[in-house]
Protein chains: 2
Amino acid sequence: MNDTEWLRLDRQICFSLHAASRAFNGVYRVILKDLGLTYPQYLVMLVLWEQGDLPVKKLGEQLRLDSGTLSPLVKRLEGAGLVRRERSAEDERSVLVQLTEDGAALRERALEVPRRIMSATGFDLAEIVDLRARLDQLTSALDAAAEAEARAAR
Amino acid sequence: MNDTEWLRLDRQICFSLHAASRAFNGVYRVILKDLGLTYPQYLVMLVLWEQGDLPVKKLGEQLRLDSGTLSPLVKRLEGAGLVRRERSAEDERSVLVQLTEDGAALRERALEVPRRIMSATGFDLAEIVDLRARLDQLTSALDAAAEAEARAAR
DNA sequence: CACAACTAAGTTGTGCACAACTAAATGGCT
DNA sequence: AGCCATTTAGTTGTGCACAACTTAGTTGTG
């Protein structure tokens, strides 16, 4: 394979990934519109529904998002009345994000989302699980490589 | 599978995809830093290197991006001296994006990017090509579904 | 105890994605 | 020719991602 072909392949792969990510986002956008949530906000709500109230720090660890992204996002959820934020008494640095009644109730309406997404992909459960495994593998390889690249750059 | 398990699975899949997309972005960010390009800017440059000067419209079709995203992005590329923008003489609505000498020359330095990305993924060529096929399949299913959902919402 | 190192959250600034809108040019139709 | 629908860019506003920085609280060490 020559240089030109490599660049072409890179363009195709970049594009495929970028497009897939945006397409997923687009489907969630349409489906989540009913719930008044964006895709990242839905991710936060999913974690809270599953694990209960959490400090911003823990949320960030679960979702690999930093406070620069989470702080304003959680504030918007608070503005929508879905969560409350409360300074922890033991450690005043920490802010506990708590579901409100509305936030907890929204879970009922969210229960149909996964099925709608599944059917939107046209994949069956096994394919989804396989894809997920592959993506996770990719992510850990990429995270490690980014770390190595960053180290090399120093 | 009960509701709770569906929500958990959805969380896992959402997260995997979201994380993979961001991890890819992160690796490109580090590697492209040397070239002074962001990931979406690199995508635009790849198309221009491959296909020569193009109107904004054609760029948008290739990358599935609208003018709201492309206009400021191309302006930044122009600011960096990599492209020129020029109103078409035949059709004054159209703006032709042209590579400058610097823009064309940058291609030489970009030639190493695909190999570095490949090695960052830890995947071999066959796996990459397979993943790409799967992602494309997913994207077209999702695009069709989003369209159907949007239609249903009307 | 005092002070340095660290930690959690938030702020600021840049860039991208996308919806909704505007402005200008074009092309078709009567 | 005159008018209207369409097309192409661009603008505006919202939200997310992330780097760099700030602020305030906590912890460890001399």
# chains A, B, ... in the order shown; residues from 1 in each chain; ligands from 1
>>> residues_around(residues="Leu63 of chain A", least_positions_apart="3", cutoff="8 Å", atoms="only C-alpha atoms (C1' of nucleotides)", output="number ranges by chain")
A: 43-44, 59-60; B: 15
>>> interface_residues(of="chain B", to="chain D", cutoff="7 Å", atoms="only C-alpha atoms (C1' of nucleotides)", output="VMD selection string")
chain B and resid 67 71 93 to 94
>>> write_last_selection(atoms="N, CA, C and O atoms", output="PDB file, in the first residue's frame")
ATOM      1  N   SER B  67     -23.345  23.799   6.869  1.00  0.00           N
ATOM      2  CA  SER B  67     -22.566  25.040   6.802  1.00  0.00           C
ATOM      3  C   SER B  67     -22.361  25.642   8.192  1.00  0.00           C
ATOM      4  O   SER B  67     -21.392  26.355   8.418  1.00  0.00           O
ATOM      5  N   SER B  71     -18.602  26.411   7.946  1.00  0.00           N
ATOM      6  CA  SER B  71     -18.205  27.793   7.687  1.00  0.00           C
ATOM      7  C   SER B  71     -17.143  28.284   8.670  1.00  0.00           C
ATOM      8  O   SER B  71     -16.074  28.726   8.235  1.00  0.00           O
ATOM      9  N   ARG B  93     -23.302  32.065  -5.415  1.00  0.00           N
ATOM     10  CA  ARG B  93     -23.683  31.521  -4.108  1.00  0.00           C
ATOM     11  C   ARG B  93     -22.596  30.618  -3.564  1.00  0.00           C
ATOM     12  O   ARG B  93     -22.439  30.455  -2.363  1.00  0.00           O
ATOM     13  N   SER B  94     -21.846  30.006  -4.474  1.00  0.00           N
ATOM     14  CA  SER B  94     -20.897  28.967  -4.116  1.00  0.00           C
ATOM     15  C   SER B  94     -19.524  29.536  -3.742  1.00  0.00           C
ATOM     16  O   SER B  94     -19.053  30.500  -4.347  1.00  0.00           O
TER      17      SER B  94
END
>>> interface_residues(of="chain C", to="chain B", cutoff="12 Å", atoms="only C-alpha atoms (C1' of nucleotides)", output="ChimeraX atom specification")
/C:14-21,23-27
>>> closest_atom_pairs(of="chain B", to="chain A", cutoff="7 Å", atoms="only C-alpha atoms", output="JSON lines")
{"residue": "B:Asp3", "atom": "CA", "partner": "A:Leu111", "partner_atom": "CA", "distance": 6.4}
{"residue": "B:Trp6", "atom": "CA", "partner": "A:Pro114", "partner_atom": "CA", "distance": 6.4}
{"residue": "B:Leu7", "atom": "CA", "partner": "A:Pro114", "partner_atom": "CA", "distance": 6.5}
{"residue": "B:Asp10", "atom": "CA", "partner": "A:Pro114", "partner_atom": "CA", "distance": 5.6}
{"residue": "B:Arg11", "atom": "CA", "partner": "A:Leu46", "partner_atom": "CA", "distance": 6.2}
{"residue": "B:Ile13", "atom": "CA", "partner": "A:Arg132", "partner_atom": "CA", "distance": 6.0}
{"residue": "B:Ser16", "atom": "CA", "partner": "A:Asp136", "partner_atom": "CA", "distance": 5.9}
{"residue": "B:Leu17", "atom": "CA", "partner": "A:Leu135", "partner_atom": "CA", "distance": 6.6}
{"residue": "B:Ala19", "atom": "CA", "partner": "A:Thr139", "partner_atom": "CA", "distance": 6.7}
{"residue": "B:Ala20", "atom": "CA", "partner": "A:Thr139", "partner_atom": "CA", "distance": 4.9}
{"residue": "B:Ser21", "atom": "CA", "partner": "A:Ser21", "partner_atom": "CA", "distance": 6.3}
{"residue": "B:Ala23", "atom": "CA", "partner": "A:Thr139", "partner_atom": "CA", "distance": 5.8}
{"residue": "B:Phe24", "atom": "CA", "partner": "A:Leu142", "partner_atom": "CA", "distance": 6.5}
{"residue": "B:Gly26", "atom": "CA", "partner": "A:Ala146", "partner_atom": "CA", "distance": 6.7}
{"residue": "B:Val27", "atom": "CA", "partner": "A:Ala146", "partner_atom": "CA", "distance": 4.9}
{"residue": "B:Val30", "atom": "CA", "partner": "A:Ala150", "partner_atom": "CA", "distance": 6.6}
{"residue": "B:Leu43", "atom": "CA", "partner": "A:Arg11", "partner_atom": "CA", "distance": 6.6}
{"residue": "B:Leu46", "atom": "CA", "partner": "A:Arg11", "partner_atom": "CA", "distance": 6.2}
{"residue": "B:Leu111", "atom": "CA", "partner": "A:Asp3", "partner_atom": "CA", "distance": 6.4}
{"residue": "B:Pro114", "atom": "CA", "partner": "A:Asp10", "partner_atom": "CA", "distance": 5.6}
{"residue": "B:Ala120", "atom": "CA", "partner": "A:Ala145", "partner_atom": "CA", "distance": 5.0}
{"residue": "B:Thr121", "atom": "CA", "partner": "A:Leu142", "partner_atom": "CA", "distance": 5.4}
{"residue": "B:Gly122", "atom": "CA", "partner": "A:Ala141", "partner_atom": "CA", "distance": 6.2}
{"residue": "B:Arg132", "atom": "CA", "partner": "A:Ile13", "partner_atom": "CA", "distance": 6.0}
{"residue": "B:Leu135", "atom": "CA", "partner": "A:Ala20", "partner_atom": "CA", "distance": 5.9}
{"residue": "B:Asp136", "atom": "CA", "partner": "A:Ser16", "partner_atom": "CA", "distance": 5.9}
{"residue": "B:Leu138", "atom": "CA", "partner": "A:Thr121", "partner_atom": "CA", "distance": 6.0}
{"residue": "B:Thr139", "atom": "CA", "partner": "A:Ala20", "partner_atom": "CA", "distance": 4.9}
{"residue": "B:Ala141", "atom": "CA", "partner": "A:Thr121", "partner_atom": "CA", "distance": 5.4}
{"residue": "B:Leu142", "atom": "CA", "partner": "A:Thr121", "partner_atom": "CA", "distance": 5.4}
{"residue": "B:Asp143", "atom": "CA", "partner": "A:Ala23", "partner_atom": "CA", "distance": 6.0}
{"residue": "B:Ala145", "atom": "CA", "partner": "A:Ala120", "partner_atom": "CA", "distance": 5.0}
{"residue": "B:Ala146", "atom": "CA", "partner": "A:Val27", "partner_atom": "CA", "distance": 4.9}
{"residue": "B:Glu149", "atom": "CA", "partner": "A:Val30", "partner_atom": "CA", "distance": 6.8}
{"residue": "B:Ala150", "atom": "CA", "partner": "A:Val30", "partner_atom": "CA", "distance": 6.6}
>>> write_last_selection(atoms="N, CA, C and O atoms", output="compact mmCIF listing (two decimals), in the first residue's frame")
# COMPACT_ATOMS: atom_id res chain seq x y z
N ASP B 3 -36.52 -4.73 33.12
CA ASP B 3 -36.30 -3.32 32.79
C ASP B 3 -34.96 -2.80 33.29
O ASP B 3 -34.25 -2.09 32.59
N TRP B 6 -32.19 -3.93 31.18
CA TRP B 6 -32.15 -3.20 29.90
C TRP B 6 -31.51 -1.84 30.07
O TRP B 6 -30.69 -1.43 29.26
N LEU B 7 -31.89 -1.16 31.13
CA LEU B 7 -31.30 0.17 31.35
C LEU B 7 -29.81 0.07 31.60
O LEU B 7 -29.03 0.89 31.13
N ASP B 10 -28.13 -0.52 28.32
CA ASP B 10 -28.11 0.71 27.54
C ASP B 10 -27.02 1.63 28.04
O ASP B 10 -26.29 2.24 27.26
N ARG B 11 -26.89 1.70 29.36
CA ARG B 11 -25.83 2.54 29.92
C ARG B 11 -24.48 2.06 29.43
O ARG B 11 -23.62 2.84 29.05
N ILE B 13 -23.73 0.34 26.75
CA ILE B 13 -23.51 0.53 25.31
C ILE B 13 -23.31 2.00 24.97
O ILE B 13 -22.39 2.37 24.26
N SER B 16 -19.90 2.86 26.11
CA SER B 16 -18.83 2.30 25.28
C SER B 16 -18.65 3.11 24.00
O SER B 16 -17.53 3.43 23.60
N LEU B 17 -19.75 3.43 23.39
CA LEU B 17 -19.67 4.15 22.13
C LEU B 17 -19.16 5.57 22.34
O LEU B 17 -18.29 6.04 21.61
N ALA B 19 -17.43 6.64 24.79
CA ALA B 19 -16.02 6.61 25.23
C ALA B 19 -15.10 6.30 24.06
O ALA B 19 -14.03 6.91 23.94
N ALA B 20 -15.51 5.38 23.18
CA ALA B 20 -14.66 5.04 22.04
C ALA B 20 -14.48 6.24 21.13
O ALA B 20 -13.37 6.55 20.68
N SER B 21 -15.57 6.93 20.91
CA SER B 21 -15.50 8.11 20.06
C SER B 21 -14.56 9.15 20.65
O SER B 21 -13.73 9.73 19.95
N ALA B 23 -12.18 8.60 22.85
CA ALA B 23 -10.81 8.09 22.90
C ALA B 23 -10.13 8.28 21.55
O ALA B 23 -8.97 8.70 21.47
N PHE B 24 -10.86 7.99 20.47
CA PHE B 24 -10.33 8.21 19.13
C PHE B 24 -9.97 9.67 18.93
O PHE B 24 -8.89 10.02 18.47
N GLY B 26 -9.25 11.73 21.16
CA GLY B 26 -8.10 12.05 22.00
C GLY B 26 -6.79 11.67 21.35
O GLY B 26 -5.82 12.45 21.40
N VAL B 27 -6.74 10.48 20.73
CA VAL B 27 -5.51 10.06 20.07
C VAL B 27 -5.20 10.97 18.89
O VAL B 27 -4.06 11.42 18.72
N VAL B 30 -3.80 14.34 20.06
CA VAL B 30 -2.38 14.32 20.41
C VAL B 30 -1.51 14.28 19.16
O VAL B 30 -0.55 15.03 19.02
N LEU B 43 -10.02 16.01 8.90
CA LEU B 43 -10.95 15.38 7.97
C LEU B 43 -11.15 16.23 6.72
O LEU B 43 -11.15 15.73 5.59
N LEU B 46 -8.01 16.07 4.59
CA LEU B 46 -7.90 14.78 3.90
C LEU B 46 -8.73 14.79 2.61
O LEU B 46 -8.27 14.33 1.56
N LEU B 111 1.46 12.29 6.25
CA LEU B 111 1.56 10.91 5.75
C LEU B 111 1.82 9.90 6.86
O LEU B 111 1.45 8.74 6.75
N PRO B 114 -1.65 8.09 9.59
CA PRO B 114 -2.39 6.82 9.58
C PRO B 114 -1.67 5.69 10.28
O PRO B 114 -2.28 4.93 11.05
N ALA B 120 -1.75 2.83 17.34
CA ALA B 120 -2.42 3.22 18.58
C ALA B 120 -3.62 2.33 18.87
O ALA B 120 -3.91 2.01 20.02
N THR B 121 -4.32 1.91 17.82
CA THR B 121 -5.50 1.07 18.03
C THR B 121 -5.11 -0.32 18.49
O THR B 121 -5.88 -1.01 19.15
N GLY B 122 -3.92 -0.78 18.09
CA GLY B 122 -3.51 -2.13 18.39
C GLY B 122 -4.24 -3.14 17.52
O GLY B 122 -4.12 -4.36 17.73
N ARG B 132 -14.63 -0.95 10.38
CA ARG B 132 -15.18 0.11 9.54
C ARG B 132 -16.47 -0.33 8.87
O ARG B 132 -17.46 0.41 8.86
N LEU B 135 -19.22 -0.34 11.42
CA LEU B 135 -19.63 1.01 11.79
C LEU B 135 -20.48 1.63 10.69
O LEU B 135 -21.48 2.30 10.96
N ASP B 136 -20.09 1.39 9.44
CA ASP B 136 -20.86 1.95 8.33
C ASP B 136 -22.27 1.36 8.30
O ASP B 136 -23.25 2.06 8.06
N LEU B 138 -23.86 0.18 10.85
CA LEU B 138 -24.55 0.79 11.99
C LEU B 138 -25.04 2.18 11.62
O LEU B 138 -26.19 2.54 11.88
N THR B 139 -24.16 2.95 11.00
CA THR B 139 -24.51 4.33 10.66
C THR B 139 -25.71 4.39 9.73
O THR B 139 -26.63 5.19 9.94
N ALA B 141 -28.05 2.15 9.31
CA ALA B 141 -29.24 1.74 10.06
C ALA B 141 -29.74 2.88 10.95
O ALA B 141 -30.93 3.17 11.01
N LEU B 142 -28.79 3.53 11.61
CA LEU B 142 -29.16 4.60 12.54
C LEU B 142 -29.73 5.80 11.82
O LEU B 142 -30.72 6.40 12.27
N ASP B 143 -29.11 6.15 10.69
CA ASP B 143 -29.61 7.29 9.93
C ASP B 143 -31.04 7.03 9.48
O ASP B 143 -31.91 7.90 9.57
N ALA B 145 -33.18 4.99 10.85
CA ALA B 145 -34.05 4.96 12.02
C ALA B 145 -34.35 6.37 12.53
O ALA B 145 -35.48 6.68 12.90
N ALA B 146 -33.32 7.23 12.53
CA ALA B 146 -33.52 8.60 13.00
C ALA B 146 -34.53 9.30 12.10
O ALA B 146 -35.41 10.02 12.57
N GLU B 149 -37.91 7.95 12.99
CA GLU B 149 -38.35 8.51 14.27
C GLU B 149 -38.81 9.95 14.08
O GLU B 149 -39.83 10.35 14.63
N ALA B 150 -38.02 10.70 13.32
CA ALA B 150 -38.35 12.10 13.09
C ALA B 150 -39.69 12.20 12.36
O ALA B 150 -40.51 13.07 12.66
>>> atom_distance(atom1="atom CA of Gly79 of chain B", atom2="atom C1' of DT12 of chain C")
22.9 Å
>>> atom_distance(atom1="atom CA of Asn2 of chain B", atom2="atom CA of Pro55 of chain A")
27.8 Å
>>> select_by_dssp(residues="chain B", states="strand (DSSP E)", output="PyMOL selection string")
chain B and resi 54-55+83-87+95-99
>>> write_last_selection(atoms="N, CA and C atoms", output="PDB file, in the first residue's frame")
ATOM      1  N   LEU B  54     -12.686  22.168  -3.601  1.00  0.00           N
ATOM      2  CA  LEU B  54     -14.109  21.834  -3.600  1.00  0.00           C
ATOM      3  C   LEU B  54     -14.920  22.988  -3.029  1.00  0.00           C
ATOM      4  N   PRO B  55     -16.143  23.171  -3.513  1.00  0.00           N
ATOM      5  CA  PRO B  55     -17.043  24.136  -2.872  1.00  0.00           C
ATOM      6  C   PRO B  55     -17.466  23.616  -1.504  1.00  0.00           C
ATOM      7  N   VAL B  83      -5.870  27.127   3.573  1.00  0.00           N
ATOM      8  CA  VAL B  83      -6.793  27.187   2.433  1.00  0.00           C
ATOM      9  C   VAL B  83      -7.134  28.649   2.114  1.00  0.00           C
ATOM     10  N   ARG B  84      -7.631  28.844   0.902  1.00  0.00           N
ATOM     11  CA  ARG B  84      -8.218  30.120   0.493  1.00  0.00           C
ATOM     12  C   ARG B  84      -9.682  29.868   0.211  1.00  0.00           C
ATOM     13  N   ARG B  85     -10.525  30.873   0.421  1.00  0.00           N
ATOM     14  CA  ARG B  85     -11.924  30.752   0.024  1.00  0.00           C
ATOM     15  C   ARG B  85     -12.179  31.758  -1.089  1.00  0.00           C
ATOM     16  N   GLU B  86     -12.869  31.308  -2.108  1.00  0.00           N
ATOM     17  CA  GLU B  86     -13.091  32.204  -3.241  1.00  0.00           C
ATOM     18  C   GLU B  86     -14.488  31.979  -3.821  1.00  0.00           C
ATOM     19  N   ARG B  87     -15.243  33.050  -3.934  1.00  0.00           N
ATOM     20  CA  ARG B  87     -16.564  32.972  -4.539  1.00  0.00           C
ATOM     21  C   ARG B  87     -16.425  32.466  -5.961  1.00  0.00           C
ATOM     22  N   VAL B  95     -18.906  28.934  -2.726  1.00  0.00           N
ATOM     23  CA  VAL B  95     -17.560  29.344  -2.313  1.00  0.00           C
ATOM     24  C   VAL B  95     -16.616  28.162  -2.480  1.00  0.00           C
ATOM     25  N   LEU B  96     -15.586  28.353  -3.305  1.00  0.00           N
ATOM     26  CA  LEU B  96     -14.629  27.287  -3.563  1.00  0.00           C
ATOM     27  C   LEU B  96     -13.529  27.321  -2.506  1.00  0.00           C
ATOM     28  N   VAL B  97     -13.326  26.168  -1.841  1.00  0.00           N
ATOM     29  CA  VAL B  97     -12.242  26.063  -0.863  1.00  0.00           C
ATOM     30  C   VAL B  97     -11.025  25.483  -1.565  1.00  0.00           C
ATOM     31  N   GLN B  98      -9.941  26.264  -1.582  1.00  0.00           N
ATOM     32  CA  GLN B  98      -8.741  25.860  -2.313  1.00  0.00           C
ATOM     33  C   GLN B  98      -7.557  25.692  -1.384  1.00  0.00           C
ATOM     34  N   LEU B  99      -6.751  24.672  -1.604  1.00  0.00           N
ATOM     35  CA  LEU B  99      -5.529  24.494  -0.831  1.00  0.00           C
ATOM     36  C   LEU B  99      -4.524  25.583  -1.198  1.00  0.00           C
TER      37      LEU B  99
END
>>> atom_distance(atom1="atom CA of Leu32 of chain B", atom2="atom CA of Glu78 of chain B")
17.4 Å
>>> select_by_dssp(residues="chain A", states="alpha helix (DSSP H)", output="MDAnalysis selection string")
chainID A and resid 3:32 39:51 56:63 67:79 101:110 113:121 125:153
